[in-house]
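In what follows, a structure is listed as C-alpha cells, so that the remarks can point back to it.
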Amino acid sequence: MNIYRKKRSQPNTGREKLVLDVRPLLAAKGIANGYTYLHKVVGLPTSYAKQLSQGKAYQISNKYMEALCVTLNCTPNHLYHYTTPPTETIGTDHALAELYRPSADYKGLLKKLEKMSPQELEEFYKGIEK
C-alpha cells in the first residue's frame with residue numbers, strides 16, 4: 001500500500017476571482033511570442049512557460065515570480081488580476097480592489113502607436129511625462 005499519494009493539480013474551475021495571468025503584461029510590453037520569451041529569456045521550464053503563456057497556470061513559485069518580475073521590470077501585482085468588479089464582492093476599499101483591471105486592448109493600442117506621425121508621438125510622450 002502506497003501511503004504517499006501523488007499530488008493532483010487543482011482544476012481551474014473558471015470561478016476564481018484572483019487570477020495569475022501574464023499575457024496582458026506580455027502584450028503591453030510588445031512581446032508577441034510569450035512561450036519563447038518565458039522559456040528562453042526568463043528561463044522558465046518548458047512546461048511551466050507553456051502553462052503561463054496559455055493562461056492555464058494557477059500558482060507560481062517565488063523563484064519564478066522573482067525571475068519574471070526582474071526580467072519584465074514589474075511587481076507581483078502586475079502578474080495577477082481580479083476578475084470580478086470589487087463592488088460586487090469585496091468592496092472598493094479592499095486592498096485587492098487595486099488588482100481589478102477590465103481587459104485592455106493592448107494590441108489595438110500598439111497598432112495606434114505604430115500609425116502615429118512623429119509629431120503625434122512626440123505629443124504623446126510629452127503627455128506621458130506629465
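Lettering and numbering for the C-alpha cells are positional, with chains as A, B, ... in the shown order, residues counted from 1 in each chain, and ligands counted from 1 in the shown order.
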
Selection: 12 Å around A:Leu113, only C-alpha atoms, excl. self and same-chain fewer than 4 positions, as a PyMOL selection string: chain A and resi 30+106-109+117-125

Take the residues from that selection and put them in a file with C-alpha atoms, as a PDB file, in the first residue's frame.
ATOM      1  CA  GLY A  30       5.060  44.190 -27.023  1.00  0.00           C
ATOM      2  CA  TYR A 106      -3.085  46.387 -25.784  1.00  0.00           C
ATOM      3  CA  LYS A 107      -2.785  45.163 -29.360  1.00  0.00           C
ATOM      4  CA  GLY A 108      -5.123  47.936 -30.508  1.00  0.00           C
ATOM      5  CA  LEU A 109      -3.041  50.474 -28.611  1.00  0.00           C
ATOM      6  CA  SER A 117       3.157  60.526 -37.032  1.00  0.00           C
ATOM      7  CA  PRO A 118       6.413  61.637 -35.386  1.00  0.00           C
ATOM      8  CA  GLN A 119       4.731  64.834 -34.169  1.00  0.00           C
ATOM      9  CA  GLU A 120       1.827  62.892 -32.660  1.00  0.00           C
ATOM     10  CA  LEU A 121       4.263  60.514 -30.944  1.00  0.00           C
ATOM     11  CA  GLU A 122       6.183  63.446 -29.504  1.00  0.00           C
ATOM     12  CA  GLU A 123       2.975  64.933 -28.085  1.00  0.00           C
ATOM     13  CA  PHE A 124       2.001  61.520 -26.724  1.00  0.00           C
ATOM     14  CA  TYR A 125       5.343  61.117 -24.936  1.00  0.00           C
TER      15      TYR A 125
END

Could you pull out the alpha helix (DSSP H) residues of chain A from DSSP and send them as JSON, numbers by chain? {"A": [23, 24, 25, 26, 27, 28, 34, 35, 36, 46, 47, 48, 49, 50, 51, 52, 53, 54, 62, 63, 64, 65, 66, 67, 68, 69, 70, 71, 72, 106, 107, 108, 109, 110, 111, 112, 113, 114, 115, 118, 119, 120, 121, 122, 123, 124, 125, 126, 127, 128, 129]}

Spatial neighbours of A:Cys69, max dist 9 Å, only C-alpha atoms, sep filter under 5 positions, as a PyMOL selection string: chain A and resi 64+74-76+78-79

Let's have the selection written as a PDB file, in the first residue's frame, with C-alpha atoms.
ATOM      1  CA  TYR A  64       9.748  32.069 -10.910  1.00  0.00           C
ATOM      2  CA  CYS A  74       7.263  44.714 -12.820  1.00  0.00           C
ATOM      3  CA  THR A  75       5.817  43.831  -9.419  1.00  0.00           C
ATOM      4  CA  PRO A  76       3.812  40.722  -8.456  1.00  0.00           C
ATOM      5  CA  HIS A  78       1.222  43.069 -12.423  1.00  0.00           C
ATOM      6  CA  LEU A  79       1.098  39.268 -12.684  1.00  0.00           C
TER       7      LEU A  79
END

Please identify the strand (DSSP E) residues within stretch 15-123 of chain A (assignment by DSSP from backbone atoms) and present them as a JSON list (two decimals) with N, CA and C atoms, in the first residue's frame.
[["chain", "number", "residue", "atom", "x", "y", "z"],
["A", 18, "LEU", "N", -9.27, 35.88, -8.23],
["A", 18, "LEU", "CA", -7.89, 36.33, -8.31],
["A", 18, "LEU", "C", -7.15, 35.38, -9.24],
["A", 19, "VAL", "N", -6.69, 35.89, -10.37],
["A", 19, "VAL", "CA", -6.16, 35.03, -11.42],
["A", 19, "VAL", "C", -4.72, 35.44, -11.76],
["A", 20, "LEU", "N", -3.87, 34.43, -11.93],
["A", 20, "LEU", "CA", -2.50, 34.64, -12.39],
["A", 20, "LEU", "C", -2.52, 34.62, -13.91],
["A", 80, "TYR", "N", -0.99, 39.37, -11.46],
["A", 80, "TYR", "CA", -2.31, 38.94, -11.05],
["A", 80, "TYR", "C", -3.35, 39.98, -11.42],
["A", 81, "HIS", "N", -4.57, 39.54, -11.60],
["A", 81, "HIS", "CA", -5.67, 40.49, -11.71],
["A", 81, "HIS", "C", -6.92, 39.89, -11.08],
["A", 82, "TYR", "N", -7.77, 40.77, -10.65],
["A", 82, "TYR", "CA", -9.02, 40.40, -10.01],
["A", 82, "TYR", "C", -10.10, 40.49, -11.08]]

With only C-alpha atoms as the counted atoms, please give the residues lying no more than 12 Å from stretch 40-45 of chain A, apart from itself and same-chain residues fewer than 3 positions off, as a ChimeraX atom specification. /A:31,33-37,48-53,60-61,63-73

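Separating atom CA of A:Pro24 from atom CA of A:Thr87 is a distance of 22.7 Å.
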
What's the separation between atom CA of A:Glu129 and atom CA of A:Leu99, in Å to one decimal place?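 Taking atom CA of A:Glu129 as the start and atom CA of A:Leu99 as the end point, the length is 23.8 Å.
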
Correct to one decimal, the distance atom CA of A:Leu26-atom CA of A:Asn77 is 14.0 Å
